[in-house]
Every structure is written in structure tokens, then in C-alpha cells.
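So this one's final08.txt, compact mmCIF, C-alpha atoms:
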```
# COMPACT_ATOMS: atom_id res chain seq x y z
CA MET A 1 101.44 109.75 76.49
CA ILE A 2 104.30 109.53 78.95
CA ASN A 3 104.89 113.28 78.88
CA GLN A 4 101.26 113.94 79.57
CA GLY A 5 101.50 111.82 82.71
CA LYS A 6 104.47 113.86 83.88
CA ASN A 7 102.64 117.16 83.38
CA ASP A 8 99.66 115.89 85.33
CA ARG A 9 101.96 114.82 88.13
CA LEU A 10 103.64 118.20 88.24
CA TRP A 11 100.33 119.97 88.75
CA GLN A 12 99.36 117.45 91.41
CA TYR A 13 102.59 118.21 93.24
CA VAL A 14 102.12 121.96 93.02
CA GLY A 15 98.51 121.68 94.09
CA GLY A 16 99.41 119.40 96.97
CA VAL A 17 102.15 121.66 98.27
CA LEU A 18 99.86 124.70 98.06
CA LEU A 19 97.05 122.86 99.84
CA ILE A 20 99.34 121.82 102.69
CA PHE A 21 100.79 125.31 102.91
CA VAL A 22 97.32 126.84 103.20
CA LEU A 23 96.20 124.23 105.74
CA VAL A 24 99.24 124.82 107.92
CA LEU A 25 98.66 128.57 107.82
CA ILE A 26 95.00 128.25 108.73
CA ILE A 27 95.57 125.80 111.55
CA SER A 28 98.46 127.80 112.96
CA ARG A 29 96.01 130.61 113.72
CA MET A 30 93.88 128.29 115.83
CA ALA A 31 96.24 125.72 117.32
CA GLU A 32 99.90 126.38 116.70
CA ARG A 33 101.09 123.00 117.93
CA SER A 34 98.73 121.18 115.58
CA SER A 35 100.03 123.02 112.55
CA VAL A 36 103.59 122.00 113.42
CA ASN A 37 102.37 118.42 113.83
CA LEU A 38 100.72 118.57 110.42
CA LEU A 39 103.85 119.89 108.78
CA PHE A 40 106.04 117.33 110.44
CA GLY A 41 103.62 114.54 109.56
CA VAL A 42 103.56 115.54 105.90
CA LEU A 43 107.36 115.76 105.70
CA PHE A 44 107.77 112.44 107.47
CA GLY A 45 105.24 110.75 105.21
CA PHE A 46 106.86 112.24 102.12
CA THR A 47 110.25 110.91 103.19
CA LEU A 48 108.83 107.49 104.02
CA GLN A 49 107.07 107.22 100.70
CA ARG A 50 109.88 108.49 98.50
CA SER A 51 112.51 106.34 100.12
CA ARG A 52 110.18 103.33 100.06
CA PHE A 53 111.20 102.66 103.62
CA CYS A 54 109.35 99.83 105.31
CA PHE A 55 109.65 98.68 108.90
CA VAL A 56 108.24 95.30 107.98
CA SER A 57 111.00 94.97 105.42
CA CYS A 58 113.51 95.70 108.21
CA ALA A 59 112.53 92.57 110.06
CA ARG A 60 111.65 90.29 107.17
CA ASP A 61 114.11 90.98 104.38
CA PRO A 62 117.39 90.10 106.12
CA VAL A 63 115.95 86.76 107.20
CA LEU A 64 114.05 85.84 104.06
CA PHE A 65 116.00 87.49 101.24
CA GLY A 66 119.31 88.54 102.73
CA ASN A 67 118.46 92.16 101.95
CA THR A 68 119.64 94.58 104.60
CA ARG A 69 118.78 97.91 102.96
CA SER A 70 115.92 98.72 105.30
CA VAL A 71 117.42 97.48 108.53
CA ASN A 72 120.64 99.38 107.82
CA ALA A 73 118.59 102.53 107.31
CA LEU A 74 116.87 101.84 110.63
CA LEU A 75 120.18 101.35 112.45
CA LEU A 76 121.51 104.56 110.94
CA SER A 77 118.48 106.54 112.03
CA LEU A 78 118.76 105.07 115.54
CA ALA A 79 122.40 106.09 115.62
CA ILE A 80 121.53 109.65 114.61
CA MET A 81 118.87 109.79 117.31
CA THR A 82 121.31 108.37 119.86
CA VAL A 83 123.61 111.32 119.25
CA ALA A 84 120.97 114.01 118.76
CA PHE A 85 118.59 113.32 121.62
CA PRO A 86 121.10 113.54 124.48
CA ILE A 87 122.21 116.89 123.10
CA ILE A 88 118.60 118.12 123.03
CA GLN A 89 117.87 116.65 126.44
CA ASN A 90 120.98 118.15 127.94
CA ILE A 91 120.02 121.61 126.72
CA GLN A 92 116.49 121.12 128.03
CA LEU A 93 117.67 119.96 131.43
CA GLN A 94 119.72 123.09 131.82
CA SER A 95 117.05 125.47 130.58
CA ILE A 96 113.75 124.09 131.84
CA GLY A 97 114.70 121.20 134.09
CA LYS A 98 112.70 118.57 132.21
CA ILE A 99 113.42 116.43 129.18
CA VAL A 100 111.32 115.11 126.32
CA GLY A 101 111.68 111.60 125.05
CA GLN A 102 109.95 108.28 125.38
CA VAL A 103 111.48 107.11 128.64
CA HIS A 104 109.14 104.42 129.90
CA PRO A 105 109.23 101.29 132.04
CA VAL A 106 110.73 98.34 130.20
CA GLY A 107 109.99 94.73 130.96
CA ILE A 108 108.34 91.57 129.69
CA HIS A 109 105.45 93.66 128.40
CA THR A 110 107.83 95.33 125.94
CA ALA A 111 108.85 92.00 124.45
CA VAL A 112 105.32 90.61 124.32
CA GLY A 113 104.00 93.80 122.77
CA ALA A 114 106.75 93.80 120.15
CA LEU A 115 106.00 90.19 119.24
CA LEU A 116 102.28 90.86 118.87
CA PHE A 117 103.00 93.94 116.79
CA GLY A 118 105.27 91.87 114.57
CA PHE A 119 102.58 89.26 113.94
CA GLY A 120 100.12 92.03 113.17
CA MET A 121 102.29 93.91 110.77
CA VAL A 122 103.13 90.85 108.72
CA ILE A 123 99.44 90.07 108.29
CA ALA A 124 98.57 93.68 107.60
CA GLY A 125 101.42 94.15 105.17
CA ALA A 126 102.62 97.32 106.85
CA CYS A 127 103.33 98.79 110.27
CA ALA A 128 101.58 101.80 111.78
CA SER A 129 103.41 104.55 109.89
CA GLY A 130 103.51 102.40 106.78
CA THR A 131 99.73 101.97 106.86
CA LEU A 132 99.15 105.69 107.11
CA MET A 133 101.66 106.35 104.37
CA ARG A 134 100.07 103.82 102.04
CA VAL A 135 96.57 105.12 102.63
CA GLY A 136 97.86 108.58 101.81
CA GLU A 137 99.58 107.21 98.73
CA GLY A 138 96.30 105.90 97.45
CA TYR A 139 96.70 102.21 98.15
CA LEU A 140 93.14 101.72 99.29
CA MET A 141 93.53 98.10 100.40
CA GLN A 142 95.29 99.50 103.43
CA VAL A 143 92.11 101.25 104.60
CA ILE A 144 90.96 97.92 105.99
CA VAL A 145 94.10 97.87 108.09
CA LEU A 146 93.48 101.46 109.11
CA ILE A 147 90.05 100.53 110.48
CA GLY A 148 91.61 97.71 112.50
CA PHE A 149 94.31 100.12 113.61
CA LEU A 150 91.72 102.57 114.96
CA ILE A 151 89.75 99.85 116.73
CA GLY A 152 92.93 98.53 118.30
CA VAL A 153 94.04 101.96 119.48
CA LEU A 154 90.61 102.59 120.97
CA LEU A 155 90.64 99.28 122.84
CA GLY A 156 94.18 99.96 124.00
CA VAL A 157 93.36 103.40 125.35
CA LEU A 158 90.27 102.13 127.15
CA ASN A 159 92.12 99.23 128.77
CA PHE A 160 95.56 100.71 129.30
CA GLY A 161 95.01 101.33 133.01
CA TRP A 162 94.35 97.64 133.66
CA TRP A 163 97.57 96.59 131.95
CA TYR A 164 99.56 99.39 133.50
CA ASP A 165 98.59 98.47 137.04
CA ARG A 166 99.34 94.81 136.61
CA PHE A 167 102.47 94.73 134.44
CA ILE A 168 103.98 98.10 133.72
CA ALA A 169 103.94 100.05 136.95
CA GLU A 170 106.41 97.69 138.65
CA ALA A 171 108.86 97.58 135.78
CA PRO A 172 112.07 99.61 135.98
CA VAL A 173 112.64 102.76 133.99
CA ILE A 174 116.12 102.51 132.58
CA TYR A 175 117.55 105.75 131.31
CA LEU A 176 121.14 105.03 130.36
CA PRO A 177 122.65 108.48 130.97
CA GLN A 178 121.44 108.18 134.54
CA TYR A 179 123.74 105.23 135.10
CA PHE A 180 126.62 105.87 132.73
CA GLY A 181 126.66 109.61 132.26
CA TRP A 182 125.90 111.30 128.96
CA ILE A 183 128.99 110.47 126.90
CA ARG A 184 129.45 106.89 128.02
CA ALA A 185 125.76 106.15 127.46
CA VAL A 186 125.98 107.46 123.89
CA ILE A 187 129.14 105.47 123.17
CA PHE A 188 127.61 102.34 124.70
CA GLN A 189 124.45 102.59 122.61
CA LEU A 190 126.37 103.35 119.41
CA GLY A 191 128.52 100.32 120.17
CA VAL A 192 125.42 98.12 120.53
CA LEU A 193 124.09 99.42 117.20
CA LEU A 194 127.44 98.69 115.55
CA VAL A 195 127.46 95.14 116.88
CA LEU A 196 123.89 94.67 115.59
CA TYR A 197 124.94 95.99 112.19
CA PHE A 198 127.76 93.49 111.80
CA PHE A 199 125.71 90.64 113.20
CA ILE A 200 122.85 91.26 110.78
CA LYS A 201 125.25 91.77 107.88
CA HIS A 202 126.99 88.47 108.54
CA TYR A 203 123.83 86.54 109.25
CA SER A 204 121.92 87.81 106.23
CA SER A 205 124.70 87.35 103.70
CA ARG A 206 124.15 83.64 103.92
CA LYS A 207 120.41 83.86 103.36
CA LYS A 208 119.15 83.59 99.85
CA ILE A 209 116.09 82.27 98.13
CA LYS A 210 117.29 79.54 95.88
CA ILE A 211 116.64 80.13 92.21
CA MET B 1 111.95 82.67 74.95
CA ALA B 2 108.80 82.17 76.93
CA GLN B 3 107.01 84.77 78.96
CA VAL B 4 105.19 83.77 82.14
CA LYS B 5 102.64 86.10 83.64
CA ILE B 6 102.06 86.17 87.37
CA ASP B 7 99.08 88.10 88.65
CA CYS B 8 99.89 89.60 92.01
CA MET B 9 97.25 92.27 92.09
CA TYR B 10 96.01 93.01 95.59
CA GLU B 11 98.74 90.88 97.15
CA PRO B 12 100.79 92.42 99.97
CA CYS B 13 104.52 92.85 100.08
CA PRO B 14 106.40 89.60 100.22
CA ILE B 15 104.05 87.66 97.95
CA PRO B 16 105.09 89.09 94.55
CA LEU B 17 108.74 88.45 95.24
CA LEU B 18 108.17 84.92 96.54
CA LYS B 19 105.99 84.02 93.57
CA ALA B 20 108.54 85.49 91.17
CA ALA B 21 111.42 83.58 92.74
CA ARG B 22 109.48 80.35 92.59
CA GLU B 23 108.61 80.86 88.92
CA LEU B 24 112.15 81.80 88.01
CA SER B 25 113.54 78.64 89.54
CA SER B 26 111.56 76.53 87.08
CA LEU B 27 112.31 78.57 83.97
CA GLU B 28 114.95 78.35 81.26
CA LEU B 29 117.66 80.87 80.50
CA GLY B 30 116.22 83.78 78.55
CA ASP B 31 112.68 83.39 79.81
CA VAL B 32 110.89 86.41 81.12
CA VAL B 33 108.59 86.61 84.11
CA LEU B 34 105.93 89.33 84.07
CA ILE B 35 104.54 90.34 87.43
CA GLU B 36 101.43 92.47 87.66
CA THR B 37 101.18 94.25 90.94
CA ASP B 38 99.56 97.29 92.47
CA HIS B 39 101.72 97.36 95.58
CA SER B 40 104.46 99.95 95.43
CA CYS B 41 106.64 98.14 97.98
CA ALA B 42 106.97 95.23 95.61
CA ILE B 43 108.81 97.34 93.05
CA ALA B 44 111.60 98.30 95.41
CA ASN B 45 111.69 94.78 96.82
CA ILE B 46 111.93 93.03 93.47
CA THR B 47 114.38 95.38 91.78
CA GLU B 48 116.78 95.12 94.70
CA TRP B 49 116.53 91.36 94.72
CA ALA B 50 117.01 91.20 90.96
CA GLU B 51 120.12 93.35 91.22
CA LYS B 52 121.48 91.14 93.92
CA GLU B 53 120.87 88.01 91.85
CA LYS B 54 122.22 89.73 88.71
CA LEU B 55 119.01 89.41 86.74
CA ASP B 56 117.65 91.84 84.16
CA CYS B 57 114.72 93.75 85.50
CA TRP B 58 112.59 96.56 84.12
CA ILE B 59 109.32 98.15 85.09
CA GLU B 60 106.50 99.84 83.28
CA GLU B 61 103.59 101.61 84.88
CA THR B 62 100.33 100.66 83.20
CA ARG B 63 98.02 102.91 85.20
CA SER B 64 98.59 105.26 88.07
CA GLY B 65 99.31 102.76 90.83
CA ASP B 66 99.61 99.57 88.76
CA TRP B 67 102.93 98.23 87.59
CA ASN B 68 104.26 95.50 85.33
CA ILE B 69 107.63 94.17 86.43
CA TYR B 70 109.65 92.13 83.96
CA ILE B 71 112.45 89.87 85.15
CA LYS B 72 114.63 88.03 82.67
CA LYS B 73 116.68 85.05 83.62
CA THR B 74 120.25 85.58 82.48
```
In C-alpha cells, what does this structure look like?
Amino acid sequence: MINQGKNDRLWQYVGGVLLIFVLVLIISRMAERSSVNLLFGVLFGFTLQRSRFCFVSCARDPVLFGNTRSVNALLLSLAIMTVAFPIIQNIQLQSIGKIVGQVHPVGIHTAVGALLFGFGMVIAGACASGTLMRVGEGYLMQVIVLIGFLIGVLLGVLNFGWWYDRFIAEAPVIYLPQYFGWIRAVIFQLGVLLVLYFFIKHYSSRKKIKI
Amino acid sequence: MAQVKIDCMYEPCPIPLLKAARELSSLELGDVVLIETDHSCAIANITEWAEKEKLDCWIEETRSGDWNIYIKKT
């Protein structure tokens, strides 16, 4: 009985990999960028699902259960990005004169948006990438969240100009390497992450649910 | 050695663990809590918490996507 389940799974895996392979090939003929996006999305989702990573768990578990597995993984991935992105951006600056990266105005709207997103993801049971991953995994309850997700994105896109003009356009764009230089900016950000790590570790070790 | 069953089907992430912790606090040594859930997050959540609290914990998958989690108070 158990072995039969494993054999079924194996064929599902093989079939899934083949399907994605074929899809990527077909799409790459028509829109090369989209096929790369598909591949990256599949790999990202696979990693998310296998590692059982959860952004909601990052925020909730240290406070409620004293469990820092997820938030430590998040800090680690931020640290890796902090080192990798300046390298990529440096190379890009020298070759094409522009950089990629989400460098946007930061202000009160960032904090308010984050708070709203936090409320939403607790009620939904998953964040944006978590919702997509769970729908893909087969957890159909999350489809309700997906519908809300799509409605919200649509409303956001339609109204973004209004918000941008009133709150975002005036806010400063803070790109640390511009003020500190590349190396000092990286060291500064890694230092902030390290402080966060120890703070969360200390704070969460005293949190337990009483049995 | 009693066994308490908690039905957490269709409940999102923190609920199975909170219900389990609440049940465990009112149980005797050697009692087992059985949690039925279909949420895959809950497995990781509960097993990590059980390890941290030094409780016995084992899982069986009843159907594809449904799990029974057993926690024993030690």
C-alpha cells in the first residue's frame, strides 16, 4: 500500500518535470523572457514547497511559539541578497549604465502597506507567494484567497496613480550605496541583519505556549 | 492512556498547533493527542514545536493531502 503510493508519486514527478520542460521549450520559441519566468517560478515554488517556508510563520512563530526557523531563513536569504545584488548592480552599471532592483520611494506608505499586508496574510493563512504555492500544491481552500488576491491586485493597479501622486511621489528614494559607497553599504546592512538576528533570538527564547 | 482526537480539517496554519497545545495542557502523562489536518504547514509547525517541547510526535498520511499527527505527552 505504501509502496504503491511511492510509485505513483514517482510517475507524477517524472510527468511533471517533462510537462514543464515541454512548456518552457514551447514558450521560449514565442516569448523568451516568459519561458525564463516560468522556469524560475517553478523552481522557486518547488523550493518554497519542499522547505515548507512560510512568510507568515516568519512573523508569527517567534512571537507566539518562540520558533525562529522561518525568520532565520528569511534573514539568511536577505543577507545573501545583500551581498549578491551589489555585485550584480556594479557589473550592470559598468556595462550598461543602469541597474535592476526594487529601488523605490520609502515612507509612511511602506509601513502602512506592510501592516495591512500583515493583517491580510494572517486572515488568509498565507502570503502572496505562499498562496500561489499552496494552490499549486493542491490545497484548494487557498483558491478563495487567490480570488481575493486577484481582485486586490486589480484594484491596486487601477488606483495606483491616485496613491502615487498623494503619498509616494514626495517620498525619498534611499539607495544606500549612493550615500555610503558599495562596501560600507553592504557591511552596514549585514550589520543590521545581524542585530535583528540576535534581537529576535533573545526575544523569542522567552516565548513559549504553556503546556 | 487516553487518546483525544482533534479535528482541524480546513483550519489554517496556527489553529492546529494552538488547539493541540491547549489539549495537551489538560492531559495526563502518556496520553496521546490525535490531530486531523489537511494543511501541510501544520505538519512542519507541530513537529518543530513538539521537538522543542521534547514530546513524542509521529505522522501518518491517510490520503494524499490529509494527515494524522500524533503527539504523546512524555
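Nearest to chain B of all the residues A:Ala128, A:Val153, A:Met141, A:Leu75 is A:Met141, based on only C-alpha atoms.
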### Task
May I have the protein, DNA and RNA residues with any atom at most 12 Å from the point (99.0, 82.4, 88.0), counting all atoms listed in the file, written as a PyMOL selection string?
chain B and resi 4-9+16+19-20+22-23+33-36
### Query
Taking all atoms listed in the file into account, which residues of chain B are within 12 Å of chain A, as an MDAnalysis selection string?
chainID B and resid 9:15 17:29 37:55 60:66 73:74
Selection export as a tab-separated table (two decimals), in the coordinates of the input, atoms kept: C-alpha atoms:
```
chain	number	residue	atom	x	y	z
B	9	MET	CA	97.25	92.27	92.09
B	10	TYR	CA	96.01	93.01	95.59
B	11	GLU	CA	98.74	90.88	97.15
B	12	PRO	CA	100.79	92.42	99.97
B	13	CYS	CA	104.52	92.85	100.08
B	14	PRO	CA	106.40	89.60	100.22
B	15	ILE	CA	104.05	87.66	97.95
B	17	LEU	CA	108.74	88.45	95.24
B	18	LEU	CA	108.17	84.92	96.54
B	19	LYS	CA	105.99	84.02	93.57
B	20	ALA	CA	108.54	85.49	91.17
B	21	ALA	CA	111.42	83.58	92.74
B	22	ARG	CA	109.48	80.35	92.59
B	23	GLU	CA	108.61	80.86	88.92
B	24	LEU	CA	112.15	81.80	88.01
B	25	SER	CA	113.54	78.64	89.54
B	26	SER	CA	111.56	76.53	87.08
B	27	LEU	CA	112.31	78.57	83.97
B	28	GLU	CA	114.95	78.35	81.26
B	29	LEU	CA	117.66	80.87	80.50
B	37	THR	CA	101.18	94.25	90.94
B	38	ASP	CA	99.56	97.29	92.47
B	39	HIS	CA	101.72	97.36	95.58
B	40	SER	CA	104.46	99.95	95.43
B	41	CYS	CA	106.64	98.14	97.98
B	42	ALA	CA	106.97	95.23	95.61
B	43	ILE	CA	108.81	97.34	93.05
B	44	ALA	CA	111.60	98.30	95.41
B	45	ASN	CA	111.69	94.78	96.82
B	46	ILE	CA	111.93	93.03	93.47
B	47	THR	CA	114.38	95.38	91.78
B	48	GLU	CA	116.78	95.12	94.70
B	49	TRP	CA	116.53	91.36	94.72
B	50	ALA	CA	117.01	91.20	90.96
B	51	GLU	CA	120.12	93.35	91.22
B	52	LYS	CA	121.48	91.14	93.92
B	53	GLU	CA	120.87	88.01	91.85
B	54	LYS	CA	122.22	89.73	88.71
B	55	LEU	CA	119.01	89.41	86.74
B	60	GLU	CA	106.50	99.84	83.28
B	61	GLU	CA	103.59	101.61	84.88
B	62	THR	CA	100.33	100.66	83.20
B	63	ARG	CA	98.02	102.91	85.20
B	64	SER	CA	98.59	105.26	88.07
B	65	GLY	CA	99.31	102.76	90.83
B	66	ASP	CA	99.61	99.57	88.76
B	73	LYS	CA	116.68	85.05	83.62
B	74	THR	CA	120.25	85.58	82.48
```
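Taking CA of Leu190 (chain A) as the reference point, CA of Val103 (chain A) is found at 17.9 Å.
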### Task
Could you jot down the CA of Tyr175 (chain A) to CA of His104 (chain A) separation for me, Å, one decimal place?
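Separation between CA of Tyr175 (chain A) and CA of His104 (chain A): 8.6 Å.
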### Atomic distance CA of Arg29 (chain A) - CA of Val17 (chain A), expressed in Å with one decimal
18.9 Å
### Task
Anything within 12 Å of (113.7, 110.2, 127.4): list those residues as an MDAnalysis selection string, counting all atoms listed in the file and sticking to the file's coordinates.
chainID A and resid 81:82 84:90 92:93 98:105 173:178
Can I get the selected residues back with C-alpha atoms, as a short mmCIF file (atom, residue, chain, number, x, y, z; two decimals), in the coordinates of the input?
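The result, written out as out26.cif:
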```cif
data_model
loop_
_atom_site.label_atom_id
_atom_site.label_comp_id
_atom_site.auth_asym_id
_atom_site.auth_seq_id
_atom_site.Cartn_x
_atom_site.Cartn_y
_atom_site.Cartn_z
CA MET A 81 118.87 109.79 117.31
CA THR A 82 121.31 108.37 119.86
CA ALA A 84 120.97 114.01 118.76
CA PHE A 85 118.59 113.32 121.62
CA PRO A 86 121.10 113.54 124.48
CA ILE A 87 122.21 116.89 123.10
CA ILE A 88 118.60 118.12 123.03
CA GLN A 89 117.87 116.65 126.44
CA ASN A 90 120.98 118.15 127.94
CA GLN A 92 116.49 121.12 128.03
CA LEU A 93 117.67 119.96 131.43
CA LYS A 98 112.70 118.57 132.21
CA ILE A 99 113.42 116.43 129.18
CA VAL A 100 111.32 115.11 126.32
CA GLY A 101 111.68 111.60 125.05
CA GLN A 102 109.95 108.28 125.38
CA VAL A 103 111.48 107.11 128.64
CA HIS A 104 109.14 104.42 129.90
CA PRO A 105 109.23 101.29 132.04
CA VAL A 173 112.64 102.76 133.99
CA ILE A 174 116.12 102.51 132.58
CA TYR A 175 117.55 105.75 131.31
CA LEU A 176 121.14 105.03 130.36
CA PRO A 177 122.65 108.48 130.97
CA GLN A 178 121.44 108.18 134.54
#
```
### Query
Within 8 Å of Val71 (chain A), counting all atoms listed in the file, which residues qualify if same-chain residues fewer than 6 places away don't, as a list in words?
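In the requested format, the answer is Phe55, Ser57, Cys58, Ala59 and Pro62 of chain A.
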Output as AutoDock Vina command-line options the centre and edge lengths (Å, one decimal) of the box along x, y and z of the file that holds every listed atom of region 110-119 of chain A after adding 6 Å on each side.
```
--center_x 105.6 --center_y 92.3 --center_z 119.9 --size_x 18.6 --size_y 18.1 --size_z 24.0
```
Since the input is missing atoms, can you rebuild N, CA and C atoms for region 26-50 of chain B and write them as a PDB file, in the frame of the given file?
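Result file follows (part-v1.pdb):
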```
ATOM      1  N   SER B  26     111.967  77.613  87.986  1.00  0.00           N
ATOM      2  CA  SER B  26     111.560  76.530  87.080  1.00  0.00           C
ATOM      3  C   SER B  26     111.625  76.959  85.622  1.00  0.00           C
ATOM      4  N   LEU B  27     112.268  78.071  85.326  1.00  0.00           N
ATOM      5  CA  LEU B  27     112.310  78.570  83.970  1.00  0.00           C
ATOM      6  C   LEU B  27     113.671  78.345  83.337  1.00  0.00           C
ATOM      7  N   GLU B  28     113.702  78.485  81.999  1.00  0.00           N
ATOM      8  CA  GLU B  28     114.950  78.350  81.260  1.00  0.00           C
ATOM      9  C   GLU B  28     115.645  79.692  81.170  1.00  0.00           C
ATOM     10  N   LEU B  29     116.907  79.647  80.739  1.00  0.00           N
ATOM     11  CA  LEU B  29     117.660  80.870  80.500  1.00  0.00           C
ATOM     12  C   LEU B  29     116.987  81.655  79.378  1.00  0.00           C
ATOM     13  N   GLY B  30     116.800  82.955  79.596  1.00  0.00           N
ATOM     14  CA  GLY B  30     116.220  83.780  78.550  1.00  0.00           C
ATOM     15  C   GLY B  30     114.726  83.968  78.701  1.00  0.00           C
ATOM     16  N   ASP B  31     114.112  83.217  79.590  1.00  0.00           N
ATOM     17  CA  ASP B  31     112.680  83.390  79.810  1.00  0.00           C
ATOM     18  C   ASP B  31     112.418  84.636  80.637  1.00  0.00           C
ATOM     19  N   VAL B  32     111.237  85.168  80.418  1.00  0.00           N
ATOM     20  CA  VAL B  32     110.890  86.410  81.120  1.00  0.00           C
ATOM     21  C   VAL B  32     109.677  86.163  82.003  1.00  0.00           C
ATOM     22  N   VAL B  33     109.734  86.678  83.210  1.00  0.00           N
ATOM     23  CA  VAL B  33     108.590  86.610  84.110  1.00  0.00           C
ATOM     24  C   VAL B  33     107.947  87.990  84.157  1.00  0.00           C
ATOM     25  N   LEU B  34     106.640  88.045  83.993  1.00  0.00           N
ATOM     26  CA  LEU B  34     105.930  89.330  84.070  1.00  0.00           C
ATOM     27  C   LEU B  34     105.063  89.311  85.324  1.00  0.00           C
ATOM     28  N   ILE B  35     105.295  90.276  86.183  1.00  0.00           N
ATOM     29  CA  ILE B  35     104.540  90.340  87.430  1.00  0.00           C
ATOM     30  C   ILE B  35     103.643  91.564  87.393  1.00  0.00           C
ATOM     31  N   GLU B  36     102.358  91.336  87.569  1.00  0.00           N
ATOM     32  CA  GLU B  36     101.430  92.470  87.660  1.00  0.00           C
ATOM     33  C   GLU B  36     101.138  92.739  89.125  1.00  0.00           C
ATOM     34  N   THR B  37     101.423  93.944  89.540  1.00  0.00           N
ATOM     35  CA  THR B  37     101.180  94.250  90.940  1.00  0.00           C
ATOM     36  C   THR B  37     100.688  95.676  91.087  1.00  0.00           C
ATOM     37  N   ASP B  38      99.971  95.925  92.182  1.00  0.00           N
ATOM     38  CA  ASP B  38      99.560  97.290  92.470  1.00  0.00           C
ATOM     39  C   ASP B  38     100.172  97.787  93.770  1.00  0.00           C
ATOM     40  N   HIS B  39     101.107  97.018  94.297  1.00  0.00           N
ATOM     41  CA  HIS B  39     101.720  97.360  95.580  1.00  0.00           C
ATOM     42  C   HIS B  39     103.075  97.990  95.327  1.00  0.00           C
ATOM     43  N   SER B  40     103.244  99.226  95.789  1.00  0.00           N
ATOM     44  CA  SER B  40     104.460  99.950  95.430  1.00  0.00           C
ATOM     45  C   SER B  40     105.701  99.422  96.131  1.00  0.00           C
ATOM     46  N   CYS B  41     105.507  98.765  97.286  1.00  0.00           N
ATOM     47  CA  CYS B  41     106.640  98.140  97.980  1.00  0.00           C
ATOM     48  C   CYS B  41     107.303  97.102  97.115  1.00  0.00           C
ATOM     49  N   ALA B  42     106.453  96.371  96.365  1.00  0.00           N
ATOM     50  CA  ALA B  42     106.970  95.230  95.610  1.00  0.00           C
ATOM     51  C   ALA B  42     108.011  95.674  94.600  1.00  0.00           C
ATOM     52  N   ILE B  43     107.849  96.877  94.050  1.00  0.00           N
ATOM     53  CA  ILE B  43     108.810  97.340  93.050  1.00  0.00           C
ATOM     54  C   ILE B  43     110.199  97.427  93.656  1.00  0.00           C
ATOM     55  N   ALA B  44     110.290  98.129  94.768  1.00  0.00           N
ATOM     56  CA  ALA B  44     111.600  98.300  95.410  1.00  0.00           C
ATOM     57  C   ALA B  44     112.169  96.935  95.789  1.00  0.00           C
ATOM     58  N   ASN B  45     111.312  96.106  96.369  1.00  0.00           N
ATOM     59  CA  ASN B  45     111.690  94.780  96.820  1.00  0.00           C
ATOM     60  C   ASN B  45     112.292  93.959  95.681  1.00  0.00           C
ATOM     61  N   ILE B  46     111.542  93.913  94.553  1.00  0.00           N
ATOM     62  CA  ILE B  46     111.930  93.030  93.470  1.00  0.00           C
ATOM     63  C   ILE B  46     113.148  93.553  92.737  1.00  0.00           C
ATOM     64  N   THR B  47     113.214  94.869  92.509  1.00  0.00           N
ATOM     65  CA  THR B  47     114.380  95.380  91.780  1.00  0.00           C
ATOM     66  C   THR B  47     115.655  95.174  92.586  1.00  0.00           C
ATOM     67  N   GLU B  48     115.580  95.351  93.901  1.00  0.00           N
ATOM     68  CA  GLU B  48     116.780  95.120  94.700  1.00  0.00           C
ATOM     69  C   GLU B  48     117.201  93.672  94.661  1.00  0.00           C
ATOM     70  N   TRP B  49     116.217  92.788  94.751  1.00  0.00           N
ATOM     71  CA  TRP B  49     116.530  91.360  94.720  1.00  0.00           C
ATOM     72  C   TRP B  49     117.095  90.971  93.367  1.00  0.00           C
ATOM     73  N   ALA B  50     116.521  91.524  92.307  1.00  0.00           N
ATOM     74  CA  ALA B  50     117.010  91.200  90.960  1.00  0.00           C
ATOM     75  C   ALA B  50     118.438  91.679  90.770  1.00  0.00           C
TER      76      ALA B  50
END
```
